>>> print(open('work_7.txt').read())   # compact mmCIF, C-alpha atoms (C1' of nucleotides)
# COMPACT_ATOMS: atom_id res chain seq x y z
CA MET A 1 0.00 0.00 0.00
CA PHE A 2 2.56 2.56 1.06
CA SER A 3 6.27 2.91 0.33
CA LYS A 4 8.89 2.54 3.03
CA LYS A 5 9.25 6.30 3.01
CA ALA A 6 5.58 6.71 3.84
CA GLU A 7 5.58 3.99 6.47
CA TYR A 8 8.56 5.51 8.25
CA ALA A 9 7.11 9.00 7.92
CA LEU A 10 3.84 8.00 9.55
CA ARG A 11 5.46 5.98 12.30
CA ALA A 12 7.94 8.73 13.09
CA THR A 13 5.26 11.39 13.10
CA ILE A 14 3.02 9.41 15.42
CA TYR A 15 5.95 8.62 17.70
CA ILE A 16 7.03 12.23 17.91
CA ALA A 17 3.46 13.33 18.56
CA GLN A 18 3.18 10.95 21.42
CA LYS A 19 6.58 11.44 23.01
CA SER A 20 7.33 15.11 22.57
CA SER A 21 6.09 18.38 23.90
CA ASN A 22 7.40 21.91 23.56
CA HIS A 23 9.65 21.15 26.47
CA LYS A 24 10.63 17.63 25.65
CA LYS A 25 12.12 16.84 22.29
CA VAL A 26 13.11 13.48 20.92
CA GLY A 27 16.32 12.82 19.04
CA ILE A 28 16.62 11.07 15.69
CA ASP A 29 18.45 8.23 17.35
CA GLU A 30 15.60 7.46 19.73
CA ILE A 31 12.99 7.92 17.03
CA ALA A 32 14.61 5.58 14.54
CA ARG A 33 15.25 2.93 17.17
CA SER A 34 11.71 3.13 18.50
CA ILE A 35 9.95 2.84 15.19
CA ASP A 36 12.42 0.28 13.82
CA ALA A 37 13.60 2.33 10.86
CA PRO A 38 17.03 3.17 9.47
CA GLN A 39 18.31 6.29 11.20
CA SER A 40 19.75 8.36 8.36
CA PHE A 41 16.89 7.54 6.05
CA THR A 42 14.40 8.56 8.71
CA ALA A 43 16.33 11.80 9.21
CA LYS A 44 15.99 12.53 5.51
CA ILE A 45 12.28 11.92 5.60
CA LEU A 46 11.83 14.12 8.65
CA GLN A 47 13.56 16.92 6.77
CA LEU A 48 10.62 16.94 4.39
CA LEU A 49 8.19 17.22 7.25
CA THR A 50 10.11 19.90 9.13
CA ARG A 51 10.36 22.14 6.07
CA ASP A 52 8.73 25.41 7.11
CA ASN A 53 8.04 23.64 10.42
CA LYS A 54 4.77 22.68 8.86
CA ILE A 55 4.17 19.29 10.43
CA ILE A 56 7.15 18.60 12.63
CA SER A 57 9.35 21.15 14.37
CA SER A 58 12.99 20.69 15.16
CA ALA A 59 15.78 22.31 17.16
CA ARG A 60 19.50 21.78 16.81
CA GLY A 61 22.10 21.71 19.50
CA PRO A 62 22.17 20.08 22.93
CA ASN A 63 18.68 19.19 24.15
CA GLY A 64 17.57 19.64 20.59
CA GLY A 65 15.49 17.17 18.65
CA PHE A 66 12.11 16.86 17.04
CA TYR A 67 8.75 17.85 18.45
CA ILE A 68 5.33 18.79 17.23
CA THR A 69 3.12 21.66 18.31
CA ALA A 70 -0.44 21.22 19.48
CA ALA A 71 -1.61 23.05 16.36
CA ALA A 72 0.34 20.78 14.04
CA LYS A 73 -1.13 17.72 15.69
CA LYS A 74 -4.42 18.69 14.11
CA PHE A 75 -3.18 17.91 10.61
CA SER A 76 -4.74 14.88 8.97
CA ILE A 77 -2.75 11.82 8.06
CA ARG A 78 -3.50 12.53 4.44
CA THR A 79 -1.78 15.88 4.77
CA VAL A 80 1.32 14.15 6.09
CA LEU A 81 1.26 11.82 3.10
CA GLU A 82 0.71 14.67 0.69
CA ILE A 83 3.76 16.49 1.95
CA ILE A 84 5.98 13.52 1.24
CA ARG A 85 4.13 12.97 -2.06
CA GLU A 86 2.63 9.66 -1.23
CA ASP A 87 -1.00 10.39 -1.85
CA ASP A 88 -1.36 8.34 -5.03
CA VAL A 89 -3.82 5.94 -3.42
CA PHE A 90 -6.32 8.70 -2.89
CA VAL A 91 -6.11 9.91 -6.45
CA LYS A 92 -5.16 7.19 -8.87
CA CYS A 93 -7.26 4.60 -10.67
CA VAL A 94 -6.72 1.07 -9.29
CA LEU A 95 -5.56 -0.11 -12.69
CA GLY A 96 -3.40 2.95 -13.18
CA LEU A 97 -5.43 4.37 -16.04
CA LYS A 98 -5.05 8.09 -16.51
CA ASP A 99 -8.33 8.43 -18.33
CA CYS A 100 -10.43 6.40 -15.92
CA SER A 101 -13.42 8.41 -14.79
CA GLU A 102 -17.10 8.19 -14.00
CA THR A 103 -18.00 8.42 -17.68
CA GLN A 104 -15.11 6.28 -18.85
CA PRO A 105 -14.69 3.80 -16.01
CA CYS A 106 -12.15 0.99 -15.86
CA PRO A 107 -13.61 -2.45 -15.13
CA MET A 108 -12.99 -2.05 -11.39
CA HIS A 109 -14.05 1.57 -11.11
CA PHE A 110 -17.51 1.35 -9.57
CA GLN A 111 -16.73 -1.55 -7.32
CA TYR A 112 -13.55 0.01 -6.02
CA LYS A 113 -15.09 3.43 -5.61
CA PRO A 114 -16.72 2.94 -2.19
CA ILE A 115 -13.54 1.45 -0.80
CA LYS A 116 -11.48 4.32 -2.12
CA HIS A 117 -13.89 6.77 -0.57
CA GLN A 118 -13.59 5.07 2.77
CA LEU A 119 -9.82 5.21 2.49
CA ILE A 120 -9.96 8.91 1.73
CA HIS A 121 -12.40 9.49 4.55
CA LEU A 122 -10.27 7.59 7.05
CA PHE A 123 -7.04 9.35 6.20
CA GLU A 124 -8.61 12.78 5.96
CA THR A 125 -10.50 12.40 9.20
CA LYS A 126 -7.78 10.94 11.36
CA THR A 127 -5.34 13.46 12.69
CA ILE A 128 -1.85 12.94 13.99
CA GLU A 129 -3.24 13.60 17.44
CA ASP A 130 -5.87 10.89 17.09
CA LEU A 131 -3.29 8.26 16.31
CA ALA A 132 -0.89 9.42 18.99
CA GLU A 133 -3.70 9.15 21.51
CA GLY A 134 -4.47 5.63 20.42
CA LEU A 135 -0.86 4.97 21.24
CA THR A 136 -1.11 6.45 24.72
CA SER A 137 -4.48 5.23 25.87
CA GLY A 138 -5.42 2.23 23.77
CA GLY A 139 -3.33 -0.85 23.28
CA ALA A 140 -1.70 0.42 20.13
CA PHE A 141 1.94 -0.13 19.32
CA ILE A 142 4.14 1.67 16.92
CA ALA A 143 7.25 -0.47 16.67
CA ASN A 144 8.19 -4.05 16.21
CA LEU A 145 8.48 -4.86 19.86
CA SER A 146 10.03 -8.22 19.19
CA LYS A 147 13.04 -6.42 17.78
CA ILE A 148 13.39 -4.09 20.71
CA ASN A 149 12.65 -6.73 23.30
CA PRO A 150 13.21 -10.19 21.81
CA SER A 151 11.35 -11.85 24.67
CA LYS A 152 8.01 -10.70 23.26
CA MET B 1 -1.68 1.12 -4.57
CA PHE B 2 -0.20 -1.29 -7.08
CA SER B 3 3.12 -1.33 -8.90
CA LYS B 4 3.35 -0.84 -12.65
CA LYS B 5 3.93 -4.55 -12.95
CA ALA B 6 0.62 -5.27 -11.25
CA GLU B 7 -1.27 -2.64 -13.20
CA TYR B 8 -0.02 -3.98 -16.52
CA ALA B 9 -0.66 -7.55 -15.43
CA LEU B 10 -4.26 -6.84 -14.57
CA ARG B 11 -4.94 -4.78 -17.65
CA ALA B 12 -3.35 -7.36 -19.93
CA THR B 13 -5.21 -10.21 -18.30
CA ILE B 14 -8.55 -8.47 -18.59
CA TYR B 15 -7.83 -7.52 -22.19
CA ILE B 16 -6.88 -11.04 -23.15
CA ALA B 17 -9.93 -12.43 -21.39
CA GLN B 18 -12.15 -10.13 -23.34
CA LYS B 19 -10.53 -10.42 -26.76
CA SER B 20 -9.41 -14.00 -27.00
CA SER B 21 -10.96 -17.38 -27.33
CA ASN B 22 -9.49 -20.80 -28.01
CA HIS B 23 -9.70 -19.97 -31.67
CA LYS B 24 -8.68 -16.35 -31.58
CA LYS B 25 -5.46 -15.37 -29.92
CA VAL B 26 -4.07 -11.91 -29.38
CA GLY B 27 -0.46 -10.94 -29.98
CA ILE B 28 1.78 -9.09 -27.55
CA ASP B 29 1.91 -6.16 -29.92
CA GLU B 30 -1.85 -5.67 -29.90
CA ILE B 31 -2.08 -6.27 -26.15
CA ALA B 32 0.58 -3.75 -25.22
CA ARG B 33 -0.81 -1.13 -27.57
CA SER B 34 -4.35 -1.62 -26.34
CA ILE B 35 -3.59 -1.39 -22.66
CA ASP B 36 -1.03 1.37 -23.11
CA ALA B 37 1.92 -0.49 -21.65
CA PRO B 38 5.50 -1.04 -22.81
CA GLN B 39 5.60 -4.09 -25.05
CA SER B 40 8.66 -5.97 -23.84
CA PHE B 41 7.90 -5.31 -20.23
CA THR B 42 4.37 -6.59 -20.69
CA ALA B 43 5.77 -9.68 -22.41
CA LYS B 44 7.93 -10.33 -19.36
CA ILE B 45 5.00 -10.01 -17.04
CA LEU B 46 2.87 -12.32 -19.17
CA GLN B 47 5.59 -14.94 -18.91
CA LEU B 48 4.89 -15.11 -15.21
CA LEU B 49 1.21 -15.65 -15.85
CA THR B 50 1.67 -18.22 -18.60
CA ARG B 51 4.00 -20.34 -16.48
CA ASP B 52 2.33 -23.74 -16.31
CA ASN B 53 -0.46 -22.13 -18.36
CA LYS B 54 -2.03 -21.40 -15.05
CA ILE B 55 -3.73 -18.10 -15.77
CA ILE B 56 -2.91 -17.24 -19.35
CA SER B 57 -2.17 -19.67 -22.17
CA SER B 58 0.08 -18.95 -25.11
CA ALA B 59 1.05 -20.38 -28.47
CA ARG B 60 4.07 -19.56 -30.56
CA GLY B 61 4.33 -19.35 -34.30
CA PRO B 62 2.05 -17.80 -36.91
CA ASN B 63 -1.49 -17.23 -35.59
CA GLY B 64 0.00 -17.67 -32.17
CA GLY B 65 -0.51 -15.33 -29.26
CA PHE B 66 -2.10 -15.25 -25.86
CA TYR B 67 -5.48 -16.52 -24.81
CA ILE B 68 -7.25 -17.69 -21.72
CA THR B 69 -9.41 -20.73 -21.19
CA ALA B 70 -12.92 -20.61 -19.81
CA ALA B 71 -11.68 -22.43 -16.72
CA ALA B 72 -8.86 -19.96 -16.13
CA LYS B 73 -11.28 -17.05 -16.37
CA LYS B 74 -12.72 -18.23 -13.07
CA PHE B 75 -9.59 -17.28 -11.16
CA SER B 76 -9.94 -14.33 -8.82
CA ILE B 77 -8.08 -11.10 -9.30
CA ARG B 78 -6.29 -11.78 -6.07
CA THR B 79 -4.92 -15.00 -7.52
CA VAL B 80 -3.53 -13.06 -10.47
CA LEU B 81 -1.84 -10.67 -8.07
CA GLU B 82 -0.51 -13.49 -5.94
CA ILE B 83 1.16 -15.11 -8.92
CA ILE B 84 3.08 -11.96 -9.71
CA ARG B 85 3.74 -11.48 -5.97
CA GLU B 86 1.83 -8.30 -5.55
CA ASP B 87 -0.50 -9.27 -2.77
CA ASP B 88 1.09 -7.18 -0.05
CA VAL B 89 -1.99 -5.02 0.35
CA PHE B 90 -4.03 -7.96 1.49
CA VAL B 91 -1.51 -9.06 4.04
CA LYS B 92 0.57 -6.21 5.38
CA CYS B 93 -0.08 -3.74 8.18
CA VAL B 94 -0.82 -0.22 6.86
CA LEU B 95 2.15 1.14 8.76
CA GLY B 96 4.36 -1.74 7.66
CA LEU B 97 4.74 -3.22 11.12
CA LYS B 98 5.62 -6.89 11.15
CA ASP B 99 4.32 -7.41 14.64
CA CYS B 100 1.01 -5.61 14.19
CA SER B 101 -1.86 -7.87 15.17
CA GLU B 102 -5.20 -7.97 16.95
CA THR B 103 -3.51 -8.16 20.32
CA GLN B 104 -0.72 -5.77 19.43
CA PRO B 105 -2.40 -3.33 17.05
CA CYS B 106 -0.77 -0.35 15.39
CA PRO B 107 -2.61 2.95 15.85
CA MET B 108 -4.48 2.48 12.58
CA HIS B 109 -5.22 -1.20 12.93
CA PHE B 110 -8.85 -1.28 13.97
CA GLN B 111 -9.91 1.60 11.82
CA TYR B 112 -8.20 0.24 8.74
CA LYS B 113 -9.38 -3.29 9.32
CA PRO B 114 -12.86 -3.02 7.75
CA ILE B 115 -11.42 -1.33 4.69
CA LYS B 116 -8.79 -4.01 4.30
CA HIS B 117 -11.44 -6.67 4.59
CA GLN B 118 -13.47 -5.05 1.87
CA LEU B 119 -10.40 -4.89 -0.33
CA ILE B 120 -9.75 -8.57 0.25
CA HIS B 121 -13.38 -9.41 -0.38
CA LEU B 122 -13.50 -7.43 -3.61
CA PHE B 123 -10.34 -8.91 -5.06
CA GLU B 124 -11.14 -12.44 -3.96
CA THR B 125 -14.69 -12.29 -5.23
CA LYS B 126 -14.10 -10.69 -8.59
CA THR B 127 -12.89 -13.06 -11.25
CA ILE B 128 -11.09 -12.31 -14.47
CA GLU B 129 -14.33 -13.16 -16.26
CA ASP B 130 -16.32 -10.66 -14.23
CA LEU B 131 -14.05 -7.81 -15.20
CA ALA B 132 -13.82 -8.86 -18.84
CA GLU B 133 -17.61 -8.87 -18.95
CA GLY B 134 -17.75 -5.40 -17.52
CA LEU B 135 -15.58 -4.46 -20.43
CA THR B 136 -17.87 -6.06 -22.99
CA SER B 137 -21.28 -5.13 -21.68
CA GLY B 138 -20.88 -2.19 -19.38
CA GLY B 139 -19.24 1.05 -20.26
CA ALA B 140 -15.86 0.01 -18.91
CA PHE B 141 -12.60 0.86 -20.62
CA ILE B 142 -9.23 -0.70 -20.23
CA ALA B 143 -6.85 1.69 -21.96
CA ASN B 144 -6.11 5.34 -22.09
CA LEU B 145 -8.30 6.08 -25.06
CA SER B 146 -6.90 9.55 -25.44
CA LYS B 147 -3.59 8.01 -26.35
CA ILE B 148 -5.04 5.65 -28.89
CA ASN B 149 -7.42 8.18 -30.34
CA PRO B 150 -6.30 11.70 -29.43
CA SER B 151 -9.68 13.16 -30.39
CA LYS B 152 -11.28 11.76 -27.23
C1' DA C 1 35.31 31.58 23.70
C1' DT C 2 35.20 26.74 23.34
C1' DA C 3 33.64 22.15 23.22
C1' DA C 4 29.87 19.14 22.74
C1' DA C 5 25.48 17.84 20.93
C1' DT C 6 22.37 17.92 17.72
C1' DA C 7 19.70 18.51 13.03
C1' DA C 8 20.53 19.86 7.99
C1' DG C 9 22.04 18.55 3.94
C1' DG C 10 25.16 16.88 0.12
C1' DA C 11 27.35 13.08 -2.16
C1' DC C 12 27.22 8.71 -2.97
C1' DA C 13 25.96 3.60 -3.11
C1' DA C 14 23.07 -0.48 -3.03
C1' DA C 15 18.78 -2.54 -4.13
C1' DT C 16 14.74 -2.77 -6.64
C1' DT C 17 11.63 -1.60 -10.26
C1' DT C 18 10.88 -0.55 -14.83
C1' DG C 19 12.19 -0.95 -19.27
C1' DT C 20 14.86 -2.35 -23.91
C1' DC C 21 17.10 -5.20 -27.19
C1' DC C 22 18.73 -9.24 -29.07
C1' DT C 23 18.86 -14.28 -29.76
C1' DT C 24 16.55 -18.73 -29.44
C1' DA C 25 12.79 -21.94 -29.70
C1' DT C 26 8.57 -23.22 -31.69
C1' DT C 27 4.93 -23.35 -34.89
C1' DT C 28 2.58 -22.59 -39.21
C1' DA C 29 1.97 -21.86 -44.13
C1' DT C 30 3.84 -22.55 -48.51
C1' DA D 1 12.38 -28.11 -46.47
C1' DT D 2 12.16 -23.33 -45.91
C1' DA D 3 10.72 -18.90 -44.63
C1' DA D 4 7.93 -16.20 -41.74
C1' DA D 5 5.66 -15.24 -37.50
C1' DT D 6 5.37 -15.50 -33.02
C1' DA D 7 6.39 -16.17 -27.73
C1' DA D 8 10.37 -17.34 -24.43
C1' DG D 9 14.02 -15.82 -22.27
C1' DG D 10 18.72 -13.83 -21.28
C1' DA D 11 21.58 -9.83 -20.79
C1' DC D 12 21.67 -5.46 -19.95
C1' DA D 13 20.41 -0.45 -18.88
C1' DA D 14 17.84 3.40 -16.99
C1' DA D 15 15.10 5.17 -13.35
C1' DT D 16 13.60 5.16 -8.84
C1' DT D 17 13.64 3.86 -4.09
C1' DT D 18 16.06 2.87 -0.13
C1' DG D 19 19.87 3.50 2.46
C1' DT D 20 24.77 5.22 4.34
C1' DC D 21 28.36 8.34 5.48
C1' DC D 22 30.49 12.53 5.98
C1' DT D 23 30.67 17.61 6.53
C1' DT D 24 28.33 21.85 7.85
C1' DA D 25 25.39 24.80 10.55
C1' DT D 26 23.34 25.81 14.80
C1' DT D 27 22.62 25.80 19.59
C1' DT D 28 23.66 25.01 24.40
C1' DA D 29 26.42 24.44 28.53
C1' DT D 30 30.61 25.45 30.67
>>> encode(input="work_7.txt", output="structure tokens")
Amino acid sequence: MFSKKAEYALRATIYIAQKSSNHKKVGIDEIARSIDAPQSFTAKILQLLTRDNKIISSARGPNGGFYITAAAKKFSIRTVLEIIREDDVFVKCVLGLKDCSETQPCPMHFQYKPIKHQLIHLFETKTIEDLAEGLTSGGAFIANLSKINPSK
Amino acid sequence: MFSKKAEYALRATIYIAQKSSNHKKVGIDEIARSIDAPQSFTAKILQLLTRDNKIISSARGPNGGFYITAAAKKFSIRTVLEIIREDDVFVKCVLGLKDCSETQPCPMHFQYKPIKHQLIHLFETKTIEDLAEGLTSGGAFIANLSKINPSK
DNA sequence: ATAAATAAGGACAAATTTGTCCTTATTTAT
DNA sequence: ATAAATAAGGACAAATTTGTCCTTATTTAT
């Protein structure tokens, strides 16, 4: 469904949203380890999200790291995906046809349509905050625990 | 959602199902042109599907080409995708977590679940025949008509 | 002022996907 | 038997994705 870039971006964003505050930042080392993603690659991806401090904010130097403001937590997951240009799923035809449309539908068009709409709805409705909360309160996990703690 | 390989595979399969019969085969040239896909690459992909004549059948020599038997038309779209190893969507966690499960859910797990199930249901239920019929009877298209006939 | 800690970012490399081109094998028509 | 038409398949190349490593810029603590 999503590329590695998108998977890491979402996991990192959710992790930062849950672990950081204006006072407490998280470093790239901790982030990458916690979400089980390659460090430098994750850093690269976060650069896209910190551009203009739109989604993620960052600070260099000692006690620096990544964090996310309360306002930024209101962004939808789709917005995060759009920023890293991974929003194909919400736009493209399942069969990859450029000309597929309501009047010129591909053979899957009308059957896939409701599913696509649900996908769009889910990703547009859910905010970063929503998912971070699921992480805090519910039983949701963000990493591959078995890798962090092999006993699980 | 799907790779180019998968998109071409599905389009080619549906096209062959609609245009061929045991007596009438379609050549790779016509197939690639009709579904707007690179010829040699499409040929490579079809090799995967003709292996053991499981999904698509082929015949070399003059009047040769690709065709599909009535029996093979009963295969589901998911089966086609499985053969070319593009069935990630039906299996993987949205966030790409190996350990994501009912008891250890990622933050999207329960919300994404019904959508995933619908995806699985759609692709397991729909057969090659179903989609080829949509092409014949309904108003469904399989190519980018604008490329074939720029007036549209 | 200086050293240490951190993200930013450039250059590169490995892996994978996407694509092309050529030769070989097979089949048919003459 | 031979030529022509076709898919099969190998070798390679281009493009893209995924990843690493090193240097630079910035900030903080001392």
>>> closest_atom_pairs(input="work_7.txt", of="chain D", to="chain A", cutoff="8 Å", atoms="all atoms listed in the file", output="tab-separated table")
residue	atom	partner	partner_atom	distance
D:DT18	C1'	A:Phe41	CA	7.8
D:DG19	C1'	A:Phe41	CA	6.2
D:DT20	C1'	A:Ser40	CA	7.2
D:DT26	C1'	A:Arg60	CA	5.9
D:DT27	C1'	A:Gly61	CA	4.1
D:DT28	C1'	A:Pro62	CA	5.4
>>> closest_atom_pairs(input="work_7.txt", of="chain B", to="chain A", cutoff="8 Å", atoms="all atoms listed in the file", output="tab-separated table")
residue	atom	partner	partner_atom	distance
B:Met1	CA	A:Met1	CA	5.0
B:Phe2	CA	A:Met1	CA	7.2
B:Lys4	CA	A:Gly96	CA	7.8
B:Glu7	CA	A:Leu95	CA	5.0
B:Tyr8	CA	A:Leu95	CA	7.8
B:Leu10	CA	A:Leu95	CA	7.1
B:Arg11	CA	A:Leu95	CA	6.8
B:Asp88	CA	A:Met1	CA	7.3
B:Val89	CA	A:Met1	CA	5.4
B:Val94	CA	A:Met1	CA	6.9
B:Leu95	CA	A:Glu7	CA	5.0
B:Gly96	CA	A:Glu7	CA	6.0
B:Leu97	CA	A:Asn144	CA	6.2
B:Lys98	CA	A:Asn144	CA	6.3
B:Asp99	CA	A:Asn144	CA	5.4
B:Cys100	CA	A:Phe141	CA	7.6
B:Thr103	CA	A:Gly139	CA	7.9
B:Gln104	CA	A:Phe141	CA	6.2
B:Pro105	CA	A:Ala140	CA	4.9
B:Cys106	CA	A:Phe141	CA	4.8
B:Pro107	CA	A:Ala140	CA	5.1
B:Met108	CA	A:Leu131	CA	7.0
B:Gln111	CA	A:Leu122	CA	7.7
B:Tyr112	CA	A:Leu122	CA	7.8
B:Ile115	CA	A:Ile115	CA	6.5
B:Gln118	CA	A:Ile115	CA	7.0
B:Leu119	CA	A:Ile115	CA	7.1
B:Leu122	CA	A:Gln111	CA	7.7
B:Leu131	CA	A:Pro107	CA	5.4
B:Ala132	CA	A:Pro107	CA	7.4
B:Gly134	CA	A:Pro107	CA	5.6
B:Leu135	CA	A:Pro107	CA	6.0
B:Gly139	CA	A:Pro105	CA	6.8
B:Ala140	CA	A:Cys106	CA	4.9
B:Phe141	CA	A:Cys106	CA	4.8
B:Ile142	CA	A:Cys106	CA	5.5
B:Ala143	CA	A:Leu97	CA	6.7
B:Asn144	CA	A:Asp99	CA	5.3
B:Leu145	CA	A:Asp99	CA	7.1
B:Ser146	CA	A:Asp99	CA	7.3
>>> atom_distance(input="work_7.txt", atom1="CA of Ala12 (chain A)", atom2="C1' of DA15 (chain D)")
27.6 Å
>>> atom_distance(input="work_7.txt", atom1="CA of Thr79 (chain B)", atom2="CA of Glu124 (chain B)")
7.6 Å
>>> residues_around(input="work_7.txt", residues="Ile68 (chain B)", least_positions_apart="3", cutoff="10 Å", atoms="all atoms listed in the file", output="number ranges by chain")
B: 13-14, 16-22, 25, 50, 53-58, 71-73, 128
>>> atom_distance(input="work_7.txt", atom1="CA of Gly27 (chain B)", atom2="C1' of DT6 (chain D)")
8.0 Å
>>> residues_around(input="work_7.txt", residues="DT24 (chain D)", least_positions_apart="5", cutoff="12 Å", atoms="all atoms listed in the file", output="count of residues only")
4
>>> closest_residue(input="work_7.txt", among="A:Thr127, A:Lys113, A:Gly65, A:Ile28", to="Val80 (chain A)", atoms="all atoms listed in the file")
A:Thr127
>>> decode(input="work_7.txt", residues="region 1-25 of chain D", atoms="C-alpha atoms (C1' of nucleotides)", output="short mmCIF file (atom, residue, chain, number, x, y, z; two decimals), in the first residue's frame")
data_model
loop_
_atom_site.label_atom_id
_atom_site.label_comp_id
_atom_site.auth_asym_id
_atom_site.auth_seq_id
_atom_site.Cartn_x
_atom_site.Cartn_y
_atom_site.Cartn_z
"C1'" DA D 1 12.38 -28.11 -46.47
"C1'" DT D 2 12.16 -23.33 -45.91
"C1'" DA D 3 10.72 -18.90 -44.63
"C1'" DA D 4 7.93 -16.20 -41.74
"C1'" DA D 5 5.66 -15.24 -37.50
"C1'" DT D 6 5.37 -15.50 -33.02
"C1'" DA D 7 6.39 -16.17 -27.73
"C1'" DA D 8 10.37 -17.34 -24.43
"C1'" DG D 9 14.02 -15.82 -22.27
"C1'" DG D 10 18.72 -13.83 -21.28
"C1'" DA D 11 21.58 -9.83 -20.79
"C1'" DC D 12 21.67 -5.46 -19.95
"C1'" DA D 13 20.41 -0.45 -18.88
"C1'" DA D 14 17.84 3.40 -16.99
"C1'" DA D 15 15.10 5.17 -13.35
"C1'" DT D 16 13.60 5.16 -8.84
"C1'" DT D 17 13.64 3.86 -4.09
"C1'" DT D 18 16.06 2.87 -0.13
"C1'" DG D 19 19.87 3.50 2.46
"C1'" DT D 20 24.77 5.22 4.34
"C1'" DC D 21 28.36 8.34 5.48
"C1'" DC D 22 30.49 12.53 5.98
"C1'" DT D 23 30.67 17.61 6.53
"C1'" DT D 24 28.33 21.85 7.85
"C1'" DA D 25 25.39 24.80 10.55
#
